[in-house]
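K.L.:
Got a structure for you, questions after.
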Amino acid sequence: MSLLGMVNKFKHKGEIRESKDEIFIGEMIYLLSLQGWPCIGFTRKIMGVEVTATGADLQNVRFRTLNDPVLYSLHVRLDRKSGSGALSAALIGSKATLYMTGEVKNHLADPDDLVNQWATDIKNILKFPLMGQIKVNHELNSIFAEKGAVIDIDQYVLAGEQGRNNLNALLLGTVNELREGLKKYKK
Amino acid sequence: MTGQTEAYEAVFVDLVQKSWKMFGEMDHATRVDDIFLGAVIASAVRLGRCLIDLESDGTSHFVRFEDMSNRSRMTFRLQHLTPTLMAAKAHGHQANVTIGVGRLVSDLGKLWGAFKQEFKSAFVMQDEPGIVTLDADMSSGYIYAQIPLIWNLDEYLGDNGWQPDYEKIASHIYCCEVSLYKYLDGRLKLA
């Protein structure tokens, strides 16, 4: 192998290591497309405003959950914490926090319903979730349930069919939990 | 509640509901590029490729894939030309699409040749579709051939605009890739 070939091989390994979060997102978009859920954005909604935040080590993807009996949309945020460099990958692995947020949208127009919704918004405004718990938050016509977890990306990507099955189970399992948490708010 | 108040409320509810419907149409018009990009990603992963790069600023999007079995790469750049409902109603959802294919080369001469070509390409007007250009990534040793096109996204998103035709998207990208590889391999032989 030529010197350039050896250098390329080394650099290629580094590039793929750095890209594990993107590979994870690609697999996720594929698996959710199998549910009939198209991707609708690479942005994050903060206080009702969409913020573009997809790039190095932070991925935001939103899906429209078509035909789901409860959910209107799903937002996934992957924040990579370690494993971009060779040393941290060897010592800690590719750790990341994965936040999934399900949204129920109630198109309320009746003034009495709007007053009730506002009262619940105020009750929930100061509640913050602990890792692994589901936090429910009301924002006018939308009700959000969010769950966060620390994951090891290596369990899900570049791990063959088993990795894909693990990711599918993680995604659909979390969506089920979010759906259960939000079911009572669907009108 | 008096009958008159009920009547007022009924009008109010109707106005709110009509607003939601129109808002839904406007919202969809701004998301068509994202729906399409997601479909491109899903189509490529379905064919066994890995997404290795994803950049998006909300209007301009860039993705790069790699086939881990032979290290070949595919790039896809998308810019929505009609991101408002009014423009989309008049022209349909059109987008600038740039498709590229990349080969890993270990010959420094070939890489350098493509790099010189890229330098020359920078001085050529590239706002017309259908012009194939070469691009070299000296840091990773890849040479890319890429072509800008204009696509009508409505053709790929189903009747309601929410159901991408993954087969069609994959097939059209593949057809472009075959031609680009032919061009790239021909150029590399000459280098």
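Within each chain, counting starts at residue 1; across the structure tokens, chains are named A, B, ... in the order shown, with ligands numbered 1 upward in that order.
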Among range 26-185 of chain B, which residues carry a DSSP assignment of alpha helix (DSSP H), reported as a ChimeraX atom specification?

P.N.:
/B:26-46,85-91,108-121,166-185

K.L.:
Selected residues, C-alpha atoms, written as a PDB file, in the first residue's frame, please.

P.N.:
ATOM      1  CA  MET B  26     -48.412  27.530   4.532  1.00  0.00           C
ATOM      2  CA  ASP B  27     -46.492  25.409   7.034  1.00  0.00           C
ATOM      3  CA  HIS B  28     -46.334  22.482   4.618  1.00  0.00           C
ATOM      4  CA  ALA B  29     -45.016  24.741   1.841  1.00  0.00           C
ATOM      5  CA  THR B  30     -42.041  25.707   4.015  1.00  0.00           C
ATOM      6  CA  ARG B  31     -41.303  22.076   4.935  1.00  0.00           C
ATOM      7  CA  VAL B  32     -41.315  20.443   1.514  1.00  0.00           C
ATOM      8  CA  ASP B  33     -37.512  20.593   1.234  1.00  0.00           C
ATOM      9  CA  ASP B  34     -37.127  18.941   4.649  1.00  0.00           C
ATOM     10  CA  ILE B  35     -39.608  16.197   3.743  1.00  0.00           C
ATOM     11  CA  PHE B  36     -37.712  15.586   0.516  1.00  0.00           C
ATOM     12  CA  LEU B  37     -34.298  15.583   2.198  1.00  0.00           C
ATOM     13  CA  GLY B  38     -35.558  13.086   4.781  1.00  0.00           C
ATOM     14  CA  ALA B  39     -36.771  10.896   1.933  1.00  0.00           C
ATOM     15  CA  VAL B  40     -33.354  11.090   0.240  1.00  0.00           C
ATOM     16  CA  ILE B  41     -31.721   9.963   3.508  1.00  0.00           C
ATOM     17  CA  ALA B  42     -34.215   7.129   4.031  1.00  0.00           C
ATOM     18  CA  SER B  43     -33.761   5.956   0.420  1.00  0.00           C
ATOM     19  CA  ALA B  44     -29.980   5.892   0.695  1.00  0.00           C
ATOM     20  CA  VAL B  45     -29.937   4.092   4.060  1.00  0.00           C
ATOM     21  CA  ARG B  46     -32.413   1.567   2.661  1.00  0.00           C
ATOM     22  CA  LEU B  85     -47.074  28.933  -0.482  1.00  0.00           C
ATOM     23  CA  MET B  86     -47.535  31.701  -3.071  1.00  0.00           C
ATOM     24  CA  ALA B  87     -44.400  30.766  -5.026  1.00  0.00           C
ATOM     25  CA  ALA B  88     -45.244  27.058  -4.797  1.00  0.00           C
ATOM     26  CA  LYS B  89     -48.803  27.633  -6.085  1.00  0.00           C
ATOM     27  CA  ALA B  90     -47.404  29.536  -9.058  1.00  0.00           C
ATOM     28  CA  HIS B  91     -44.415  27.349  -9.960  1.00  0.00           C
ATOM     29  CA  LEU B 108      -1.451  11.773  -5.588  1.00  0.00           C
ATOM     30  CA  GLY B 109      -1.110  12.801  -9.281  1.00  0.00           C
ATOM     31  CA  LYS B 110      -4.768  12.089  -9.959  1.00  0.00           C
ATOM     32  CA  LEU B 111      -5.841  13.922  -6.822  1.00  0.00           C
ATOM     33  CA  TRP B 112      -3.734  16.916  -7.755  1.00  0.00           C
ATOM     34  CA  GLY B 113      -5.124  16.881 -11.312  1.00  0.00           C
ATOM     35  CA  ALA B 114      -8.680  16.987  -9.970  1.00  0.00           C
ATOM     36  CA  PHE B 115      -7.718  19.702  -7.537  1.00  0.00           C
ATOM     37  CA  LYS B 116      -6.382  21.856 -10.416  1.00  0.00           C
ATOM     38  CA  GLN B 117      -9.615  21.197 -12.279  1.00  0.00           C
ATOM     39  CA  GLU B 118     -11.594  22.334  -9.241  1.00  0.00           C
ATOM     40  CA  PHE B 119      -9.526  25.524  -9.149  1.00  0.00           C
ATOM     41  CA  LYS B 120     -10.333  26.197 -12.815  1.00  0.00           C
ATOM     42  CA  SER B 121     -14.021  25.391 -12.209  1.00  0.00           C
ATOM     43  CA  TYR B 166     -38.788   6.393  -1.906  1.00  0.00           C
ATOM     44  CA  GLU B 167     -38.362   4.046  -4.881  1.00  0.00           C
ATOM     45  CA  LYS B 168     -38.573   6.863  -7.401  1.00  0.00           C
ATOM     46  CA  ILE B 169     -36.153   9.085  -5.485  1.00  0.00           C
ATOM     47  CA  ALA B 170     -33.624   6.243  -5.128  1.00  0.00           C
ATOM     48  CA  SER B 171     -33.985   5.329  -8.782  1.00  0.00           C
ATOM     49  CA  HIS B 172     -33.460   8.888 -10.075  1.00  0.00           C
ATOM     50  CA  ILE B 173     -30.421   9.417  -7.857  1.00  0.00           C
ATOM     51  CA  TYR B 174     -28.981   6.071  -8.966  1.00  0.00           C
ATOM     52  CA  CYS B 175     -29.363   7.001 -12.656  1.00  0.00           C
ATOM     53  CA  CYS B 176     -27.396  10.201 -12.017  1.00  0.00           C
ATOM     54  CA  GLU B 177     -24.738   8.261 -10.098  1.00  0.00           C
ATOM     55  CA  VAL B 178     -24.181   5.794 -12.945  1.00  0.00           C
ATOM     56  CA  SER B 179     -23.519   8.622 -15.407  1.00  0.00           C
ATOM     57  CA  LEU B 180     -21.334  10.545 -12.974  1.00  0.00           C
ATOM     58  CA  TYR B 181     -19.191   7.471 -12.254  1.00  0.00           C
ATOM     59  CA  LYS B 182     -18.780   6.931 -15.978  1.00  0.00           C
ATOM     60  CA  TYR B 183     -17.571  10.512 -16.349  1.00  0.00           C
ATOM     61  CA  LEU B 184     -15.357  10.364 -13.249  1.00  0.00           C
ATOM     62  CA  ASP B 185     -13.696   7.083 -14.211  1.00  0.00           C
TER      63      ASP B 185
END

K.L.:
Which residues are near His61 in chain B? Cut-off 10 Å, only C-alpha atoms, ignore same chain within fewer than 6 positions. Put them as a list in words.

P.N.:
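Listed by chain and then number, they are Phe42 of chain A; Asp33, Asp34, Leu37, Leu54, Glu55, Phe76, Arg77, Leu78, Gln79, His80 and Val97 of chain B.
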
K.L.:
Could you save the residues just selected, with N, CA and C atoms, as a PDB file, in the first residue's frame?

P.N.:
ATOM      1  N   PHE A  42     -35.025  19.940  10.324  1.00  0.00           N
ATOM      2  CA  PHE A  42     -33.787  19.701  11.059  1.00  0.00           C
ATOM      3  C   PHE A  42     -33.580  20.870  12.018  1.00  0.00           C
TER       4      PHE A  42
ATOM      5  N   ASP B  33     -38.919  20.955   1.422  1.00  0.00           N
ATOM      6  CA  ASP B  33     -37.512  20.593   1.234  1.00  0.00           C
ATOM      7  C   ASP B  33     -37.038  19.629   2.318  1.00  0.00           C
ATOM      8  N   ASP B  34     -37.522  19.839   3.553  1.00  0.00           N
ATOM      9  CA  ASP B  34     -37.127  18.941   4.649  1.00  0.00           C
ATOM     10  C   ASP B  34     -37.713  17.538   4.443  1.00  0.00           C
ATOM     11  N   LEU B  37     -35.642  15.965   1.739  1.00  0.00           N
ATOM     12  CA  LEU B  37     -34.298  15.583   2.198  1.00  0.00           C
ATOM     13  C   LEU B  37     -34.366  14.330   3.077  1.00  0.00           C
ATOM     14  N   LEU B  54     -24.262  15.686   7.720  1.00  0.00           N
ATOM     15  CA  LEU B  54     -25.575  16.332   7.610  1.00  0.00           C
ATOM     16  C   LEU B  54     -25.439  17.770   8.073  1.00  0.00           C
ATOM     17  N   GLU B  55     -25.631  18.681   7.155  1.00  0.00           N
ATOM     18  CA  GLU B  55     -25.570  20.101   7.492  1.00  0.00           C
ATOM     19  C   GLU B  55     -26.852  20.749   6.983  1.00  0.00           C
ATOM     20  N   PHE B  76     -25.346  15.005  -1.720  1.00  0.00           N
ATOM     21  CA  PHE B  76     -26.624  15.550  -2.186  1.00  0.00           C
ATOM     22  C   PHE B  76     -26.808  16.921  -1.536  1.00  0.00           C
ATOM     23  N   ARG B  77     -26.910  17.928  -2.375  1.00  0.00           N
ATOM     24  CA  ARG B  77     -27.130  19.289  -1.879  1.00  0.00           C
ATOM     25  C   ARG B  77     -28.504  19.751  -2.360  1.00  0.00           C
ATOM     26  N   LEU B  78     -29.244  20.404  -1.489  1.00  0.00           N
ATOM     27  CA  LEU B  78     -30.617  20.796  -1.829  1.00  0.00           C
ATOM     28  C   LEU B  78     -30.888  22.226  -1.388  1.00  0.00           C
ATOM     29  N   GLN B  79     -31.399  23.011  -2.321  1.00  0.00           N
ATOM     30  CA  GLN B  79     -31.825  24.365  -1.948  1.00  0.00           C
ATOM     31  C   GLN B  79     -33.217  24.609  -2.523  1.00  0.00           C
ATOM     32  N   HIS B  80     -34.150  24.884  -1.634  1.00  0.00           N
ATOM     33  CA  HIS B  80     -35.542  25.073  -2.039  1.00  0.00           C
ATOM     34  C   HIS B  80     -35.687  26.424  -2.744  1.00  0.00           C
ATOM     35  N   VAL B  97     -30.760  21.047  -6.991  1.00  0.00           N
ATOM     36  CA  VAL B  97     -30.238  19.796  -6.435  1.00  0.00           C
ATOM     37  C   VAL B  97     -28.865  19.553  -7.050  1.00  0.00           C
TER      38      VAL B  97
END

K.L.:
Can you pull out every residue within 8 Å of range 102-112 of chain A, counting only C-alpha atoms, but drop anything in the same chain fewer than 2 positions away, and send it as an MDAnalysis selection string?

P.N.:
(chainID A and resid 70:75 100 114:116 141:146 175 178:179 182 185:187) or (chainID B and resid 9 12:13 16:17 20)

K.L.:
If you count only C-alpha atoms, which residues fall within 9 Å of range 12-29 of chain A, apart from same-chain ones fewer than 6 positions away, as an MDAnalysis selection string?

P.N.:
(chainID A and resid 37:39 56:61 63 78:80 83:86 89 94 96 153:154 156:158 164 167:168 171) or (chainID B and resid 38:39 41:42 44:46 50:54 65 140:141)

K.L.:
Only N, CA and C atoms, please: the residues just picked out, written as a short mmCIF file (atom, residue, chain, number, x, y, z; two decimals), in the first residue's frame.

P.N.:
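Below is the file out-v4.cif, written as the result:
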data_model
loop_
_atom_site.label_atom_id
_atom_site.label_comp_id
_atom_site.auth_asym_id
_atom_site.auth_seq_id
_atom_site.Cartn_x
_atom_site.Cartn_y
_atom_site.Cartn_z
N TRP A 37 -43.70 7.86 8.76
CA TRP A 37 -43.51 9.17 9.37
C TRP A 37 -42.41 9.94 8.63
N PRO A 38 -42.79 10.94 7.83
CA PRO A 38 -41.77 11.70 7.12
C PRO A 38 -41.05 12.69 8.02
N CYS A 39 -39.83 12.97 7.64
CA CYS A 39 -39.03 13.96 8.34
C CYS A 39 -39.55 15.36 7.94
N ALA A 56 -22.28 19.87 13.76
CA ALA A 56 -21.33 19.00 14.45
C ALA A 56 -21.82 18.66 15.86
N ASP A 57 -21.90 17.37 16.16
CA ASP A 57 -22.19 16.83 17.50
C ASP A 57 -23.58 17.18 18.05
N LEU A 58 -24.40 17.90 17.33
CA LEU A 58 -25.77 18.16 17.81
C LEU A 58 -26.73 18.01 16.64
N GLN A 59 -27.61 17.05 16.77
CA GLN A 59 -28.55 16.77 15.68
C GLN A 59 -29.97 16.98 16.18
N ASN A 60 -30.75 17.68 15.40
CA ASN A 60 -32.17 17.90 15.71
C ASN A 60 -33.00 17.48 14.50
N VAL A 61 -33.89 16.56 14.69
CA VAL A 61 -34.74 16.13 13.58
C VAL A 61 -36.19 16.04 14.06
N PHE A 63 -40.26 14.91 13.03
CA PHE A 63 -41.05 14.02 12.18
C PHE A 63 -42.52 14.33 12.35
N LEU A 78 -30.18 14.65 19.45
CA LEU A 78 -29.04 13.80 19.81
C LEU A 78 -27.84 14.72 20.05
N ASP A 79 -27.34 14.66 21.25
CA ASP A 79 -26.21 15.52 21.62
C ASP A 79 -25.04 14.61 21.97
N ARG A 80 -24.06 14.59 21.09
CA ARG A 80 -22.93 13.68 21.30
C ARG A 80 -21.98 14.24 22.35
N GLY A 83 -16.41 10.46 22.14
CA GLY A 83 -16.15 9.48 21.08
C GLY A 83 -15.80 10.08 19.74
N SER A 84 -15.77 11.44 19.64
CA SER A 84 -15.37 12.05 18.36
C SER A 84 -13.88 11.86 18.13
N GLY A 85 -13.11 11.88 19.21
CA GLY A 85 -11.67 11.68 19.11
C GLY A 85 -11.31 10.23 19.40
N ALA A 86 -10.12 9.83 18.93
CA ALA A 86 -9.71 8.42 19.10
C ALA A 86 -9.57 8.07 20.58
N ALA A 89 -12.96 7.93 22.39
CA ALA A 89 -13.71 6.76 21.89
C ALA A 89 -13.20 5.49 22.56
N SER A 94 -18.73 6.00 22.56
CA SER A 94 -19.48 7.11 21.94
C SER A 94 -20.76 7.35 22.71
N ALA A 96 -23.87 9.63 24.21
CA ALA A 96 -24.67 10.77 23.77
C ALA A 96 -25.94 10.83 24.59
N ILE A 153 -23.82 5.07 21.44
CA ILE A 153 -24.16 5.02 20.01
C ILE A 153 -23.67 3.72 19.36
N ASP A 154 -22.57 3.17 19.87
CA ASP A 154 -22.01 1.96 19.26
C ASP A 154 -22.95 0.76 19.33
N TYR A 156 -25.92 0.85 18.47
CA TYR A 156 -26.96 1.03 17.46
C TYR A 156 -26.44 1.21 16.04
N VAL A 157 -25.21 1.67 15.89
CA VAL A 157 -24.73 1.92 14.52
C VAL A 157 -23.50 1.07 14.22
N LEU A 158 -23.34 0.75 12.95
CA LEU A 158 -22.25 -0.08 12.45
C LEU A 158 -22.19 -1.39 13.24
N ARG A 164 -29.44 -2.39 14.20
CA ARG A 164 -30.66 -1.78 13.66
C ARG A 164 -31.88 -2.21 14.49
N LEU A 167 -31.91 -0.26 17.71
CA LEU A 167 -32.36 1.13 17.53
C LEU A 167 -33.87 1.18 17.33
N ASN A 168 -34.38 0.24 16.55
CA ASN A 168 -35.83 0.19 16.32
C ASN A 168 -36.58 0.01 17.64
N LEU A 171 -36.40 3.29 19.68
CA LEU A 171 -37.27 4.34 19.15
C LEU A 171 -38.74 4.04 19.42
N GLY B 38 -35.37 14.28 3.95
CA GLY B 38 -35.56 13.09 4.78
C GLY B 38 -35.76 11.85 3.93
N ALA B 39 -36.51 12.03 2.82
CA ALA B 39 -36.77 10.90 1.93
C ALA B 39 -35.49 10.46 1.21
N ILE B 41 -32.50 10.68 2.49
CA ILE B 41 -31.72 9.96 3.51
C ILE B 41 -32.28 8.55 3.69
N ALA B 42 -33.60 8.45 3.83
CA ALA B 42 -34.22 7.13 4.03
C ALA B 42 -33.94 6.21 2.84
N ALA B 44 -31.39 6.30 0.75
CA ALA B 44 -29.98 5.89 0.70
C ALA B 44 -29.66 4.85 1.77
N VAL B 45 -30.19 5.05 2.98
CA VAL B 45 -29.94 4.09 4.06
C VAL B 45 -30.57 2.74 3.72
N ARG B 46 -31.73 2.80 3.07
CA ARG B 46 -32.41 1.57 2.66
C ARG B 46 -31.53 0.75 1.72
N CYS B 50 -24.44 4.63 4.57
CA CYS B 50 -24.45 5.31 5.86
C CYS B 50 -24.41 6.81 5.65
N LEU B 51 -25.26 7.52 6.39
CA LEU B 51 -25.20 8.98 6.36
C LEU B 51 -24.00 9.40 7.19
N ILE B 52 -23.03 10.10 6.58
CA ILE B 52 -21.83 10.47 7.35
C ILE B 52 -21.70 11.98 7.54
N ASP B 53 -22.55 12.74 6.90
CA ASP B 53 -22.48 14.19 7.03
C ASP B 53 -23.87 14.78 6.84
N LEU B 54 -24.26 15.69 7.72
CA LEU B 54 -25.57 16.33 7.61
C LEU B 54 -25.44 17.77 8.07
N PHE B 65 -23.13 10.50 1.97
CA PHE B 65 -23.31 9.08 2.34
C PHE B 65 -22.06 8.30 1.94
N SER B 140 -9.07 13.93 2.73
CA SER B 140 -9.51 12.53 2.88
C SER B 140 -9.19 11.69 1.65
N GLY B 141 -8.67 12.32 0.58
CA GLY B 141 -8.26 11.57 -0.60
C GLY B 141 -9.39 11.19 -1.54
#
